[in-house]
Amino acid sequence: MFSIGDTICYPMHGVGTVEGIVSQTVLGVTADYYSLKFRAGKMTALIPVATAEKVGLRTLIEPSECEKVFTYMQEPGVRGSDNWNQRYRENMEKMKRGTVYDVADVVKCLKLRELEKGLSAGERKMLATAKQIIAGELATVLGSDVEEMEKRISE
């Protein structure tokens, strides 16, 4: 369970803060929700407390894990399927799981594909989102600038 003020990572949206825990009635059912405010895009969301873990809401990685992520990012990526649709679905599933290594896999796969053949508009957007999510988490954990982390990821 998260507390107000906790910094979290949520799949597809990145780093945010638990702003509150509120009770809401939806379709006659009252439940508690985490009120989240995300750093990128100034977006907010309500996530049911009961299903938060199931949908991938998680704490940020530890600072000691950051160098492991950078090392992992430097390892060769897997090209993924030659079928655009299949590759997109596989990468979307990784993004939805939301672990830092799943998102890193998406970045590696799409960067490799970009070098070899180029990316579709959808894959370019997915690559940008994946980079933003990883850079946001690393910058928050290391107390540095998101742009600096994006540069380091792109190397």
# chains A, B, ... in the order shown; residues from 1 in each chain; ligands from 1
>>> residues_around(residues="Val107 of chain A", least_positions_apart="3", cutoff="7 Å", atoms="only C-alpha atoms", output="list in words")
Val103, Ala104, Leu110, Lys111, Leu127, Ala130 and Lys131 of chain A
>>> residues_around(residues="Gly16 of chain A", least_positions_apart="4", cutoff="8 Å", atoms="only C-alpha atoms", output="ChimeraX atom specification")
/A:7-10,36-39
>>> residues_around(residues="Glu53 of chain A", least_positions_apart="2", cutoff="12 Å", atoms="only C-alpha atoms", output="list of chain:residue names")
A:Met1, A:Phe2, A:Ile8, A:Cys9, A:Tyr10, A:Pro11, A:Tyr34, A:Ile47, A:Pro48, A:Val49, A:Ala50, A:Thr51, A:Val55, A:Gly56, A:Leu57, A:Arg58, A:Thr59, A:Arg97, A:Gly98, A:Thr99
>>> write_last_selection(atoms="N, CA and C atoms", output="PDB file, in the first residue's frame")
ATOM      1  N   MET A   1       0.837  -1.185   0.000  1.00  0.00           N
ATOM      2  CA  MET A   1       0.000   0.000   0.000  1.00  0.00           C
ATOM      3  C   MET A   1       0.877   1.243   0.000  1.00  0.00           C
ATOM      4  N   PHE A   2       0.457   2.219  -0.755  1.00  0.00           N
ATOM      5  CA  PHE A   2       1.202   3.470  -0.858  1.00  0.00           C
ATOM      6  C   PHE A   2       0.591   4.506   0.076  1.00  0.00           C
ATOM      7  N   ILE A   8       5.880   7.245  -7.176  1.00  0.00           N
ATOM      8  CA  ILE A   8       5.583   5.946  -7.777  1.00  0.00           C
ATOM      9  C   ILE A   8       5.895   5.977  -9.277  1.00  0.00           C
ATOM     10  N   CYS A   9       5.862   4.797  -9.877  1.00  0.00           N
ATOM     11  CA  CYS A   9       5.937   4.682 -11.326  1.00  0.00           C
ATOM     12  C   CYS A   9       4.723   3.863 -11.764  1.00  0.00           C
ATOM     13  N   TYR A  10       4.054   4.366 -12.794  1.00  0.00           N
ATOM     14  CA  TYR A  10       2.854   3.724 -13.301  1.00  0.00           C
ATOM     15  C   TYR A  10       3.060   3.441 -14.786  1.00  0.00           C
ATOM     16  N   PRO A  11       2.823   2.208 -15.231  1.00  0.00           N
ATOM     17  CA  PRO A  11       3.049   1.862 -16.634  1.00  0.00           C
ATOM     18  C   PRO A  11       2.354   2.835 -17.589  1.00  0.00           C
ATOM     19  N   TYR A  34      -6.166   5.748  -5.322  1.00  0.00           N
ATOM     20  CA  TYR A  34      -5.003   6.620  -5.211  1.00  0.00           C
ATOM     21  C   TYR A  34      -5.214   7.757  -6.198  1.00  0.00           C
ATOM     22  N   ILE A  47      -6.464   5.595  -9.405  1.00  0.00           N
ATOM     23  CA  ILE A  47      -6.194   4.166  -9.549  1.00  0.00           C
ATOM     24  C   ILE A  47      -6.791   3.452  -8.339  1.00  0.00           C
ATOM     25  N   PRO A  48      -7.647   2.457  -8.567  1.00  0.00           N
ATOM     26  CA  PRO A  48      -8.222   1.739  -7.420  1.00  0.00           C
ATOM     27  C   PRO A  48      -7.125   1.127  -6.546  1.00  0.00           C
ATOM     28  N   VAL A  49      -7.208   1.372  -5.254  1.00  0.00           N
ATOM     29  CA  VAL A  49      -6.224   0.827  -4.312  1.00  0.00           C
ATOM     30  C   VAL A  49      -6.190  -0.697  -4.408  1.00  0.00           C
ATOM     31  N   ALA A  50      -7.358  -1.315  -4.532  1.00  0.00           N
ATOM     32  CA  ALA A  50      -7.444  -2.781  -4.543  1.00  0.00           C
ATOM     33  C   ALA A  50      -6.719  -3.421  -5.716  1.00  0.00           C
ATOM     34  N   THR A  51      -6.607  -2.709  -6.833  1.00  0.00           N
ATOM     35  CA  THR A  51      -5.983  -3.306  -8.026  1.00  0.00           C
ATOM     36  C   THR A  51      -4.685  -2.610  -8.429  1.00  0.00           C
ATOM     37  N   VAL A  55      -2.264  -3.618 -11.740  1.00  0.00           N
ATOM     38  CA  VAL A  55      -2.114  -2.793 -12.937  1.00  0.00           C
ATOM     39  C   VAL A  55      -0.709  -2.221 -13.087  1.00  0.00           C
ATOM     40  N   GLY A  56       0.194  -2.578 -12.170  1.00  0.00           N
ATOM     41  CA  GLY A  56       1.598  -2.229 -12.328  1.00  0.00           C
ATOM     42  C   GLY A  56       2.093  -1.025 -11.558  1.00  0.00           C
ATOM     43  N   LEU A  57       1.278  -0.431 -10.709  1.00  0.00           N
ATOM     44  CA  LEU A  57       1.742   0.677  -9.883  1.00  0.00           C
ATOM     45  C   LEU A  57       2.837   0.146  -8.965  1.00  0.00           C
ATOM     46  N   ARG A  58       3.970   0.826  -8.959  1.00  0.00           N
ATOM     47  CA  ARG A  58       5.109   0.310  -8.186  1.00  0.00           C
ATOM     48  C   ARG A  58       5.955   1.443  -7.634  1.00  0.00           C
ATOM     49  N   THR A  59       6.810   1.090  -6.657  1.00  0.00           N
ATOM     50  CA  THR A  59       7.774   2.052  -6.149  1.00  0.00           C
ATOM     51  C   THR A  59       8.883   2.217  -7.184  1.00  0.00           C
ATOM     52  N   ARG A  97       3.436  -3.795 -18.716  1.00  0.00           N
ATOM     53  CA  ARG A  97       3.986  -4.438 -17.508  1.00  0.00           C
ATOM     54  C   ARG A  97       4.721  -3.399 -16.678  1.00  0.00           C
ATOM     55  N   GLY A  98       5.465  -2.542 -17.346  1.00  0.00           N
ATOM     56  CA  GLY A  98       6.013  -1.366 -16.695  1.00  0.00           C
ATOM     57  C   GLY A  98       7.248  -1.514 -15.837  1.00  0.00           C
ATOM     58  N   THR A  99       7.883  -2.689 -15.798  1.00  0.00           N
ATOM     59  CA  THR A  99       9.135  -2.745 -15.037  1.00  0.00           C
ATOM     60  C   THR A  99      10.182  -1.938 -15.793  1.00  0.00           C
TER      61      THR A  99
END
>>> select_by_dssp(residues="chain A", states="helix (DSSP H, G or I)", output="ChimeraX atom specification")
/A:40-42,49-51,63-74,84-97,100-116,121-142,146-154
>>> residues_around(residues="Gly80 of chain A", least_positions_apart="5", cutoff="12 Å", atoms="only C-alpha atoms", output="list of chain:residue names")
A:Asn85, A:Gln86, A:Arg87, A:Tyr88, A:Arg89, A:Glu90, A:Asn91, A:Asp105, A:Val106, A:Val107, A:Lys108, A:Cys109, A:Leu110, A:Lys111, A:Leu112, A:Arg113
>>> atom_distance(atom1="atom CA of Gly14 of chain A", atom2="atom CA of Ile153 of chain A")
15.6 Å
>>> atom_distance(atom1="atom CA of Gln24 of chain A", atom2="atom CA of Ala52 of chain A")
15.2 Å
>>> closest_residue(among="A:Tyr33, A:Arg124, A:Pro63, A:Ile134", to="Met95 of chain A", atoms="only C-alpha atoms")
A:Ile134
>>> atom_distance(atom1="atom CA of Lys151 of chain A", atom2="atom CA of Ala121 of chain A")
21.3 Å
>>> closest_residue(among="A:Ile61, A:Val26, A:Met43, A:Ile21", to="Val141 of chain A", atoms="only C-alpha atoms")
A:Ile61
>>> select_by_dssp(residues="segment 41-84 of chain A", states="strand (DSSP E or B)", output="list in words")
Thr44, Ala45, Leu46, Ile47, Pro48, Arg58 and Thr59 of chain A
>>> closest_residue(among="A:Asp32, A:Glu155, A:Asp102, A:Glu62", to="Ala139 of chain A", atoms="only C-alpha atoms")
A:Glu62
>>> closest_residue(among="A:Met126, A:Val29, A:Val69, A:Val18", to="Met92 of chain A", atoms="only C-alpha atoms")
A:Met126
